[in-house]
Amino acid sequence: MSNPVFSSSPVFGEPKRGRTTTIQPSPYGMPQAGSAAMSGIATGSLEQMYGAPAATTRETGRLTYDDVIVKTAGLFAILVTTGALTWALAPQLFFVGMIVGLVLGLVNSFKRNPSPFLIMAYAAAEGVFLGGISAFYDAQWPGIVVQAVLATVATFAACLVLFRSGKVRVTPKLTRWMMVAMGGYLLFSLLNLGLTWFGVLDGWGMRSGPLGIVIGLVAVGLAAFMLIMDFDSIKRGVEQGAPAKFAWSAAFGLVVTLVWMYLEFLRLLAILRGDS
């Protein structure tokens, strides 16, 4: 199970095999219809065209890494701003941000074409959610938010270095393993949430104590692998010449994974520092 933001979009998937079209040379060395000789293009014009610099991906309206970086930075600027305001003014709004962020996340994940407005609205809603919940965590465990942020940034940097170095590659075997692992983690999380909500278990539920620490480490590991898969999806999109507008989808996918990773670090650190 890869990030649904990327897996639901054909531009970030594996290139499809199809028929290739070849141009057959005309018999007897005669120029084909539509060639330079038939169209009357002067030799000087052809030399000027061939001597001109090649168009860049930006000039041809194709996806570039710079586009993804700029849009990702913009989304995080929105997220951090709304998060800081929520933390300072109304942390109790975190539940509203969680619901709105969940709805917008699902809508954006399965849209065929990215909507910059909806993606930025998602970043703002997630900022409200993270700002509010981070304020509650930090009130109980001072300094925990800074620790979670640093851990998230360090993990992101490590995943990027490993991916760029080629030491970790996304293979079909890794993808299948992630599908099984993510499915199991999702079922466990839903079960644990239900048991705590209905009062069968208290505190962190089955995520308390040593077992909770192990599960937290597994969750962080899954988020890290998901991040590497996101990098691979973006790489394929750039190499396959995806339209530039899908930089919004790529940035949105990265934000989704990093938000999940931050929350897992926040919960893991809280468990390590003592149950509520």
# chains A, B, ... in the order shown; residues from 1 in each chain; ligands from 1
>>> residues_around(residues="Phe94 of chain A", least_positions_apart="4", cutoff="7 Å", atoms="only C-alpha atoms", output="number ranges by chain")
A: 98, 128-130, 132-133
>>> residues_around(residues="segment 116-122 of chain A", least_positions_apart="2", cutoff="6 Å", atoms="only C-alpha atoms", output="list of chain:residue names")
A:Gly101, A:Leu104, A:Ala124, A:Ala125
>>> closest_residue(among="A:Leu263, A:Ala158, A:Val146, A:Leu254", to="Ala73 of chain A", atoms="only C-alpha atoms")
A:Leu254
>>> closest_atom_pairs(of="segment 80-171 of chain A", to="segment 222-233 of chain A", cutoff="7 Å", atoms="only C-alpha atoms", output="CSV")
residue,atom,partner,partner_atom,distance
A:Cys159,CA,A:Ile228,CA,6.1
A:Phe163,CA,A:Ile228,CA,6.5
A:Val170,CA,A:Met229,CA,6.3
>>> write_last_selection(atoms="all heavy atoms", output="JSON list (two decimals), in the first residue's frame")
[["chain", "number", "residue", "atom", "x", "y", "z"],
["A", 159, "CYS", "N", 16.24, 9.61, 5.19],
["A", 159, "CYS", "CA", 15.55, 8.90, 4.10],
["A", 159, "CYS", "C", 15.95, 9.48, 2.75],
["A", 159, "CYS", "O", 16.16, 8.73, 1.78],
["A", 159, "CYS", "CB", 14.04, 9.00, 4.29],
["A", 159, "CYS", "SG", 13.41, 8.04, 5.69],
["A", 163, "PHE", "N", 17.90, 7.41, -0.13],
["A", 163, "PHE", "CA", 17.28, 7.26, -1.45],
["A", 163, "PHE", "C", 18.19, 7.79, -2.55],
["A", 163, "PHE", "O", 18.38, 7.13, -3.59],
["A", 163, "PHE", "CB", 15.94, 7.97, -1.48],
["A", 163, "PHE", "CG", 15.26, 7.91, -2.82],
["A", 163, "PHE", "CD1", 14.65, 6.75, -3.24],
["A", 163, "PHE", "CD2", 15.26, 9.02, -3.67],
["A", 163, "PHE", "CE1", 14.02, 6.69, -4.49],
["A", 163, "PHE", "CE2", 14.65, 8.96, -4.90],
["A", 163, "PHE", "CZ", 14.02, 7.79, -5.32],
["A", 170, "VAL", "N", 13.15, 1.16, -4.08],
["A", 170, "VAL", "CA", 11.78, 0.68, -4.03],
["A", 170, "VAL", "C", 11.62, -0.45, -5.04],
["A", 170, "VAL", "O", 11.74, -0.23, -6.25],
["A", 170, "VAL", "CB", 10.79, 1.82, -4.33],
["A", 170, "VAL", "CG1", 9.36, 1.29, -4.32],
["A", 170, "VAL", "CG2", 10.94, 2.93, -3.30]]
